[in-house]
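Trainee: One structure coming up, written as structure tokens, with questions to follow.
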Amino acid sequence: MKKRIAFKFRLYVAGGAHNSIQAITNLRAMCNTHLAGEYHIEIVDVFKDPKRALADGVFMTPTLVRLAPAPMLRVVGTLSQTATLLQTLSLDDVAA
Amino acid sequence: MRSSRPPRVIAPNKAPTGITGFDDITGGGLPSGRTTLVLGGPGSGKTILSLQFLVHGALEHNEPGIFVAFEEASSRIVSNAASFGWTLPQLRRKMLFFLDAQPTPDLVQSGTFDLSGMLAALQAQTKTMNAKRIVFDALDIVLALLPDHAARRREIYRLHDWLLTNGLTGIITAKAGGDETTSLSHQPFGFMQFMVDCAVILNHTVVSGVSQRNLRVQKYRGSSFDENESPFLIGSQGIEVAVAHPLGRRTVKLSNERVSSGIDRLDTMLGGGYYRGSSVLITGFPGTAKTTLSGTFAEAACERGERTLFISFDSDASEVVRDLRSVDIRLERYVKNGLLRMVSARAINGSAEIYLSRIKSLAAEHSTRCLVIDPISTWSRSGNDSTANGIAERLTDWAKSLGITLLFTSLLDEMSNQLEGGPSFQVSTIADTWIHLNHLVQAGERNRGLSIIKSRGTAHSNQVRELILSDSGVTLTDTYTAGGEVLMGTLRWEKESAERAANEVTAVASRLKRVRIDAEEAELVVRVKSLQVELEAKKVERALLARTTASHKGEMSRGHSMMRELRGADAAIPARKRTP
């Protein structure tokens with residue numbers, strides 16, 4: 001399993017809202033711990049770009065979308081429960 | 001009482017919903033620029049009500065709207081709404097925007113979240129289309145994802161603030177079942193009810209297997225409203241709320257015109273017939289010819305060329321036509337030429353509310369002037385006990401407002417109540433004319449008696465009359481009373497023949513007497529004649545007598561002087577004694 005997969009995330013946040021800041025922090029921490037150097041995070045502020053949120057069907061903030069690898073996954077919330085997050089993103093074996 | 005209020009004007013601070021009856025209850029619609037909470041159980045009509053509000057705004061008031069669907073996919077909502085004739089696909093381009101916000105089943109939650117993303121998106125959309133109305137359908141779905149009570153409350157506040165800030169007239173729907181006052185205060189919606197400016201509760205209950213829908217405005221800040229539960233139904237045009245006396249009811253144009261009941265003598269008893277546009281109730285036990293009287297009315301109406309609708313709840317329409325033919329009421333030709341429409345309503349199933357709505361639409365389709373419902377008591381069958389009266393009242397109100405002459409029959413339960421006017425279904429108070437048909441048992445016979453219990457605004461006969469059905473038609477007999485009882489059937493026949501015999505004897509006797517008088521008169525005339533002749537004879541006799549006496553006297557005196565002259569002895573007698 002030496003051949004690493006590139007992880008692509010998109011995080012929808014609501015400006016400087018407390019839970020959005022938290023989500024950014026939590027996501028960065030998780031990625032740094034488990035996916036060092038193999039990830040890309042795009043942050044979309046729905047206040048600045050509401051049309052995009054509308055088009056993408058994002059209504060709750062913060063929302064994390066895993067764009068790659070397939071399938072696309074969505075996680076809603078501050079991403080504070082790292083274990084749940086890892087399991088959902090099928091990263092628990094990576095973490096192990 | 002309510003009908004005496006002044007007609008409704010569109011209030012400036014209200015957003016009309018276009019829902020029949022609802023705008024009457026709320027005095028014009030939902031509070032404009034405020035939030036309305038619509039609560040109800042599953043299938044209570046929340047989505048339809050909200051959507052109707054948006055469609056009406058888009059079509060009639062040029063107010064674009066946004067529909068946020070948390071539960072049902074917008075594509076399904078749009079296709080479901082097609083059955084109401086709402087042209088959603090056309091509206092969707094500019095006037096109506098659907099936002100699919102259903103949480104996906106594979107949605108994973110990690111930590112708390114909020115709705116600001118959605119609100120930001122909606123804000124952009126609102127600006128783009130200049131939306132005025134917005135609906136959040138099934139907010140409870142998304143609230144259920146929030147971890148605790150405080151979080152739910154926070155999101156509700158966020159939503160409410162957002163609505164107020166943007167000046168949108170909003171509807172939030174949420175599921176709530178049962179008694180709202182007890183169960184809801186424990187739910188976040190309980191708190192929502194305090195926060196919003198208007199709350200509407202939809203109820204859907206099943207009473208004895210019949211579905212009944214009710215709607216109640218629980219609160220409405222800054223406006224008067226009808227606080228009672230109003231039945232409503234989901235009809236072909238969407239929601240229709242039943243209001244007994246719409247606030248803006250037009251003054252009914254009263255008519256003094258009479259329409260025939262189809263029985264001449266009954267018309268006479270009523271002082272000319274029923275009033276046009278009035279409601280006539282015919283009550284009676286089974287088999288007292290209620291349907292027959294309905295038939296004569298329908299036939300008379302068709303003869304006048306008036307379009308008539310005959311709704312039978314008891315038997316099949318063709319059966320009614322056939323049965324009435326046996327008493328010479330011929331309706332086939334009018335059915336054929338389209339003047340008369342016979343409807344068998346046994347096919348209509350459901351609440352009395354549905355009956356009423358179907359009758360209204362049938363009557364409109366047929367442009368009915370005379371309406372017969374036979375019998376209306378079916379409405380109070382199981383499950384409709386509590387609502388049937390109100391609906392009958394609305395039926396008469398509706399008919400009156402359109403000037404439709406309404407005749408309905410009501411079956412009395414022979415077993416339960418033999419008293420006149422004791423039906424469980426109290427429609428008698430709302431009818432203008434009440435005719436009661438009864439079986440009168442007399443001398444071992446059962447005969448049909450007809451009496452007019454009331455007829456508003458007309459002098460009417462107080463007589464109980466016997467109703468005769470024969471193959472040559474329907475008629476009321478002459479009245480015979482004996483010992484304070486109206487004679488009917490055989491007794492009447494006996495009385496009639498006895499009277500005929502007595503009449504004959506009297507006629508003969510008087511003829512005899514006349515002959516005798518004639519004879520006496522002739523005799524007297526003869527006597528008068530003979531007496532006159534006799535009188536004439538007497539007159540002649542007397543004249544004769546007078547003449548003979550005079551000549552006799554002359555002769556006598558002439559004789560004396562002659563003798564004196566002859567004697568010559570009495571010369572000294574004065575000359576004056578001598579005849580000249």
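Residues in the structure tokens are numbered from 1 in each chain, the chains being A, B, ... in the order shown, and ligands are numbered from 1 in the order shown.
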Would you tabulate, counting only C-alpha atoms, all residues of chain A that have an atom at most 12 Å from an atom of chain B, showing the closest pair of atoms and their distance in Å to one decimal, sorted by chain then ascending number, as a Markdown table?

Mentor:
| residue | atom | partner | partner_atom | distance |
| --- | --- | --- | --- | --- |
| A:Leu11 | CA | B:Gly117 | CA | 11.6 |
| A:Tyr12 | CA | B:Gly117 | CA | 8.0 |
| A:Val13 | CA | B:Gly117 | CA | 7.2 |
| A:Ala14 | CA | B:Gly117 | CA | 5.8 |
| A:Gly15 | CA | B:Gly117 | CA | 9.2 |
| A:Gly16 | CA | B:Ser116 | CA | 11.2 |
| A:Ala17 | CA | B:Ser116 | CA | 9.0 |
| A:His18 | CA | B:Phe113 | CA | 9.9 |
| A:Asn19 | CA | B:Phe113 | CA | 6.7 |
| A:Ser20 | CA | B:Phe113 | CA | 8.3 |
| A:Ile21 | CA | B:Phe113 | CA | 11.5 |
| A:Gln22 | CA | B:Gly111 | CA | 9.7 |
| A:Ala23 | CA | B:Gly111 | CA | 8.8 |
| A:Asn26 | CA | B:Gly111 | CA | 10.5 |
| A:Leu27 | CA | B:Ser110 | CA | 11.3 |
| A:Val44 | CA | B:Gly117 | CA | 10.4 |
| A:Asp45 | CA | B:Gly117 | CA | 8.6 |
| A:Val46 | CA | B:Gly117 | CA | 5.7 |
| A:Phe47 | CA | B:Ala120 | CA | 5.6 |
| A:Lys48 | CA | B:Ala120 | CA | 8.7 |
| A:Asp49 | CA | B:Ala121 | CA | 8.1 |
| A:Pro50 | CA | B:Ala121 | CA | 4.3 |
| A:Lys51 | CA | B:Ala121 | CA | 6.0 |
| A:Arg52 | CA | B:Ala121 | CA | 8.0 |
| A:Ala53 | CA | B:Ala121 | CA | 6.1 |
| A:Leu54 | CA | B:Ala121 | CA | 5.4 |
| A:Ala55 | CA | B:Ala121 | CA | 9.0 |
| A:Asp56 | CA | B:Ala121 | CA | 10.3 |
| A:Gly57 | CA | B:Ala101 | CA | 6.9 |
| A:Val58 | CA | B:Met118 | CA | 6.8 |
| A:Phe59 | CA | B:Met118 | CA | 3.9 |
| A:Met60 | CA | B:Leu115 | CA | 4.8 |
| A:Thr61 | CA | B:Gly117 | CA | 5.2 |
| A:Pro62 | CA | B:Phe113 | CA | 5.9 |
| A:Thr63 | CA | B:Phe113 | CA | 8.1 |
| A:Leu64 | CA | B:Val108 | CA | 9.7 |
| A:Val65 | CA | B:Leu107 | CA | 10.4 |
| A:Arg66 | CA | B:Val108 | CA | 11.9 |
| A:Pro71 | CA | B:Asp106 | CA | 11.6 |
| A:Met72 | CA | B:Asp106 | CA | 10.6 |
| A:Leu73 | CA | B:Leu107 | CA | 7.9 |
| A:Arg74 | CA | B:Leu107 | CA | 5.9 |
| A:Val75 | CA | B:Val108 | CA | 4.7 |
| A:Val76 | CA | B:Gln109 | CA | 4.7 |
| A:Gly77 | CA | B:Phe113 | CA | 4.5 |
| A:Thr78 | CA | B:Gly111 | CA | 4.6 |
| A:Leu79 | CA | B:Ser110 | CA | 4.8 |
| A:Ser80 | CA | B:Gly111 | CA | 5.4 |
| A:Gln81 | CA | B:Ser110 | CA | 5.7 |
| A:Thr82 | CA | B:Ser110 | CA | 8.2 |
| A:Ala83 | CA | B:Ser110 | CA | 9.5 |
| A:Thr84 | CA | B:Ser110 | CA | 6.9 |
| A:Leu85 | CA | B:Ser110 | CA | 6.8 |
| A:Leu86 | CA | B:Ser110 | CA | 10.6 |
| A:Gln87 | CA | B:Val108 | CA | 10.5 |
| A:Thr88 | CA | B:Val108 | CA | 7.5 |
| A:Leu89 | CA | B:Val108 | CA | 10.0 |

Trainee: Got a sec: who's within 8 Å of B:Ile376, counting only C-alpha atoms, leaving out chain neighbours fewer than 4 positions off, as a PyMOL selection string?

Mentor: chain B and resi 313+392+408-411

Trainee: Skip stretch 272-281 of chain B itself and residues of its chain fewer than 6 positions away, then list as a VMD selection string all residues within 7 Å of it, counting only C-alpha atoms.

Mentor: chain B and resid 255 to 261 396 400 403 to 409 428 431 to 435

Trainee: Which parts of stretch 43-72 of chain A does DSSP call strand (DSSP E or B) when run on the backbone here, written out as a VMD selection string?

Mentor: chain A and resid 43 to 45 61 63 to 68

Trainee: Got time to write the residues from that selection, N, CA and C atoms, as a PDB file, in the first residue's frame?

Mentor:
ATOM      1  N   ILE A  43     -11.724  25.818   0.340  1.00  0.00           N
ATOM      2  CA  ILE A  43     -12.712  26.357   1.275  1.00  0.00           C
ATOM      3  C   ILE A  43     -13.625  27.337   0.523  1.00  0.00           C
ATOM      4  N   VAL A  44     -14.945  27.058   0.622  1.00  0.00           N
ATOM      5  CA  VAL A  44     -15.930  27.924  -0.040  1.00  0.00           C
ATOM      6  C   VAL A  44     -16.723  28.652   1.036  1.00  0.00           C
ATOM      7  N   ASP A  45     -16.691  29.966   0.955  1.00  0.00           N
ATOM      8  CA  ASP A  45     -17.480  30.752   1.915  1.00  0.00           C
ATOM      9  C   ASP A  45     -18.843  31.037   1.275  1.00  0.00           C
ATOM     10  N   THR A  61     -24.153  24.474   7.185  1.00  0.00           N
ATOM     11  CA  THR A  61     -22.720  24.791   7.266  1.00  0.00           C
ATOM     12  C   THR A  61     -22.231  24.458   8.668  1.00  0.00           C
ATOM     13  N   THR A  63     -20.122  22.176   5.827  1.00  0.00           N
ATOM     14  CA  THR A  63     -20.283  20.892   5.146  1.00  0.00           C
ATOM     15  C   THR A  63     -18.963  20.530   4.463  1.00  0.00           C
ATOM     16  N   LEU A  64     -18.553  19.317   4.714  1.00  0.00           N
ATOM     17  CA  LEU A  64     -17.323  18.839   4.086  1.00  0.00           C
ATOM     18  C   LEU A  64     -17.706  17.879   2.967  1.00  0.00           C
ATOM     19  N   VAL A  65     -17.131  18.084   1.799  1.00  0.00           N
ATOM     20  CA  VAL A  65     -17.384  17.172   0.681  1.00  0.00           C
ATOM     21  C   VAL A  65     -16.049  16.537   0.290  1.00  0.00           C
ATOM     22  N   ARG A  66     -16.056  15.204   0.230  1.00  0.00           N
ATOM     23  CA  ARG A  66     -14.847  14.532  -0.259  1.00  0.00           C
ATOM     24  C   ARG A  66     -15.020  14.334  -1.760  1.00  0.00           C
ATOM     25  N   LEU A  67     -14.225  15.031  -2.548  1.00  0.00           N
ATOM     26  CA  LEU A  67     -14.350  14.966  -4.005  1.00  0.00           C
ATOM     27  C   LEU A  67     -13.569  13.787  -4.564  1.00  0.00           C
ATOM     28  N   ALA A  68     -12.464  13.466  -3.945  1.00  0.00           N
ATOM     29  CA  ALA A  68     -11.654  12.331  -4.394  1.00  0.00           C
ATOM     30  C   ALA A  68     -11.047  11.687  -3.152  1.00  0.00           C
TER      31      ALA A  68
END

Trainee: Give me the residues within 7 Å of stretch 325-330 of chain B as a PyMOL selection string, counting only C-alpha atoms and dropping any in the same chain fewer than 6 places off.

Mentor: chain B and resi 295-296+299+469-474

Trainee: Store the residues of this selection in a file with N, CA and C atoms, as a PDB file, in the first residue's frame.

Mentor:
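To be explicit, this is the file written out as again-v2.pdb:
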ATOM      1  N   GLY B 295     -89.831  14.630  -7.152  1.00  0.00           N
ATOM      2  CA  GLY B 295     -90.015  14.399  -8.583  1.00  0.00           C
ATOM      3  C   GLY B 295     -90.977  15.388  -9.206  1.00  0.00           C
ATOM      4  N   THR B 296     -92.079  15.688  -8.512  1.00  0.00           N
ATOM      5  CA  THR B 296     -93.041  16.637  -9.087  1.00  0.00           C
ATOM      6  C   THR B 296     -92.418  18.018  -9.200  1.00  0.00           C
ATOM      7  N   GLU B 299     -90.056  17.943 -12.143  1.00  0.00           N
ATOM      8  CA  GLU B 299     -90.778  17.932 -13.411  1.00  0.00           C
ATOM      9  C   GLU B 299     -91.334  19.324 -13.730  1.00  0.00           C
ATOM     10  N   LEU B 469    -101.302   8.948  -4.454  1.00  0.00           N
ATOM     11  CA  LEU B 469    -100.430   8.630  -5.572  1.00  0.00           C
ATOM     12  C   LEU B 469    -101.204   7.676  -6.470  1.00  0.00           C
ATOM     13  N   SER B 470    -101.366   8.032  -7.710  1.00  0.00           N
ATOM     14  CA  SER B 470    -102.045   7.124  -8.618  1.00  0.00           C
ATOM     15  C   SER B 470    -101.303   7.143  -9.940  1.00  0.00           C
ATOM     16  N   ASP B 471    -101.689   6.232 -10.833  1.00  0.00           N
ATOM     17  CA  ASP B 471    -100.939   6.192 -12.088  1.00  0.00           C
ATOM     18  C   ASP B 471    -101.254   7.384 -12.972  1.00  0.00           C
ATOM     19  N   SER B 472    -102.206   8.211 -12.543  1.00  0.00           N
ATOM     20  CA  SER B 472    -102.440   9.414 -13.329  1.00  0.00           C
ATOM     21  C   SER B 472    -101.824  10.642 -12.657  1.00  0.00           C
ATOM     22  N   GLY B 473    -101.052  10.407 -11.635  1.00  0.00           N
ATOM     23  CA  GLY B 473    -100.354  11.538 -11.055  1.00  0.00           C
ATOM     24  C   GLY B 473    -100.486  11.613  -9.550  1.00  0.00           C
ATOM     25  N   VAL B 474    -100.020  12.715  -9.035  1.00  0.00           N
ATOM     26  CA  VAL B 474    -100.005  12.935  -7.602  1.00  0.00           C
ATOM     27  C   VAL B 474    -100.980  14.054  -7.300  1.00  0.00           C
TER      28      VAL B 474
END

Trainee: Name all residues at most 10 Å from B:Ile354 (count only C-alpha atoms; drop same-chain ones fewer than 3 positions away) and give them as a ChimeraX atom specification.

Mentor: /B:211-212,232-235,348-351,357-360,391

Trainee: For the selection you just gave me, I'd like the residues written to a file as a JSON list (two decimals), in the first residue's frame, keeping N, CA and C atoms.

Mentor:
[["chain", "number", "residue", "atom", "x", "y", "z"],
["B", 211, "SER", "N", -62.99, 10.31, 6.85],
["B", 211, "SER", "CA", -61.92, 11.28, 7.06],
["B", 211, "SER", "C", -62.50, 12.69, 7.20],
["B", 212, "GLN", "N", -62.03, 13.40, 8.19],
["B", 212, "GLN", "CA", -62.49, 14.77, 8.43],
["B", 212, "GLN", "C", -61.28, 15.65, 8.58],
["B", 232, "PHE", "N", -62.17, 21.68, 6.22],
["B", 232, "PHE", "CA", -61.70, 22.01, 4.87],
["B", 232, "PHE", "C", -61.53, 20.73, 4.10],
["B", 233, "LEU", "N", -61.38, 20.87, 2.82],
["B", 233, "LEU", "CA", -61.12, 19.67, 2.04],
["B", 233, "LEU", "C", -60.15, 20.00, 0.94],
["B", 234, "ILE", "N", -59.50, 18.94, 0.47],
["B", 234, "ILE", "CA", -58.56, 19.12, -0.61],
["B", 234, "ILE", "C", -59.31, 18.73, -1.87],
["B", 235, "GLY", "N", -59.72, 19.73, -2.60],
["B", 235, "GLY", "CA", -60.56, 19.50, -3.77],
["B", 235, "GLY", "C", -59.74, 19.59, -5.04],
["B", 348, "ILE", "N", -70.50, 8.73, -4.36],
["B", 348, "ILE", "CA", -69.62, 9.65, -3.63],
["B", 348, "ILE", "C", -69.40, 9.10, -2.24],
["B", 349, "ASN", "N", -68.16, 8.96, -1.92],
["B", 349, "ASN", "CA", -67.85, 8.40, -0.62],
["B", 349, "ASN", "C", -67.06, 9.43, 0.17],
["B", 350, "GLY", "N", -67.28, 9.45, 1.44],
["B", 350, "GLY", "CA", -66.44, 10.30, 2.25],
["B", 350, "GLY", "C", -67.23, 11.24, 3.11],
["B", 351, "SER", "N", -66.57, 12.30, 3.49],
["B", 351, "SER", "CA", -67.16, 13.19, 4.47],
["B", 351, "SER", "C", -68.24, 14.05, 3.82],
["B", 357, "SER", "N", -68.92, 19.80, -1.60],
["B", 357, "SER", "CA", -68.05, 20.31, -2.65],
["B", 357, "SER", "C", -68.44, 19.72, -4.00],
["B", 358, "ARG", "N", -68.79, 18.42, -4.01],
["B", 358, "ARG", "CA", -69.17, 17.79, -5.27],
["B", 358, "ARG", "C", -70.48, 18.38, -5.79],
["B", 359, "ILE", "N", -71.41, 18.62, -4.87],
["B", 359, "ILE", "CA", -72.69, 19.18, -5.28],
["B", 359, "ILE", "C", -72.48, 20.56, -5.88],
["B", 360, "LYS", "N", -71.63, 21.35, -5.24],
["B", 360, "LYS", "CA", -71.36, 22.69, -5.74],
["B", 360, "LYS", "C", -70.80, 22.63, -7.15],
["B", 391, "ILE", "N", -72.85, 21.69, 7.50],
["B", 391, "ILE", "CA", -72.71, 21.60, 6.05],
["B", 391, "ILE", "C", -74.05, 21.85, 5.38]]

Trainee: Of the residues B:Asn503, B:Gly33, B:Pro105, B:Gly238, which is the one nearest to B:Trp162, using only C-alpha atoms?

Mentor: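 Closest residue, counting only C-alpha atoms: B:Gly33.
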
Trainee: Figure out the distance between atom CA of B:Cys370 and atom CA of B:Phe297, please, to one decimal in Å.

Mentor: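 Atom-to-atom, atom CA of B:Phe297 and atom CA of B:Cys370 are spaced 8.8 Å apart.
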
Trainee: Looking only at helix (DSSP H, G or I) from DSSP on the backbone, list the matching residues of stretch 32-135 of chain B as a PyMOL selection string.

Mentor: chain B and resi 46-60+74-84+88-91+116-129

Trainee: Report, in Å with one decimal, the straight-line distance from atom CA of B:Gln463 to atom CA of B:Thr477.

Mentor: 11.3 Å

Trainee: B:Gln442: which residues within 9 Å, counting only C-alpha atoms, same-chain residues fewer than 4 positions away excluded, as a list in words?

Mentor: Arg446, Asn447, Leu487, Met488, Gly489 and Leu491 of chain B

Trainee: Convert the current residue selection to file output with C-alpha atoms, as a PDB file, in the first residue's frame.

Mentor:
ATOM      1  CA  ARG B 446    -102.192   3.561   6.668  1.00  0.00           C
ATOM      2  CA  ASN B 447    -102.564   6.655   4.567  1.00  0.00           C
ATOM      3  CA  LEU B 487    -110.747  11.343   7.129  1.00  0.00           C
ATOM      4  CA  MET B 488    -108.494   9.414   4.850  1.00  0.00           C
ATOM      5  CA  GLY B 489    -108.528   6.362   2.676  1.00  0.00           C
ATOM      6  CA  LEU B 491    -113.222   6.438   5.536  1.00  0.00           C
TER       7      LEU B 491
END

Trainee: Within 7 Å of B:Leu450, counting only C-alpha atoms, which residues show up once you throw out same-chain ones fewer than 6 positions away? Write them as JSON, numbers by chain, please.

Mentor: {"B": [436, 437, 438, 464, 465, 466, 467]}

Trainee: Between atom CA of B:Ser315 and atom CA of B:Ser344, what distance in Å does the model show, to one decimal?

Mentor: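 Between atom CA of B:Ser315 and atom CA of B:Ser344 the gap works out to 6.8 Å.
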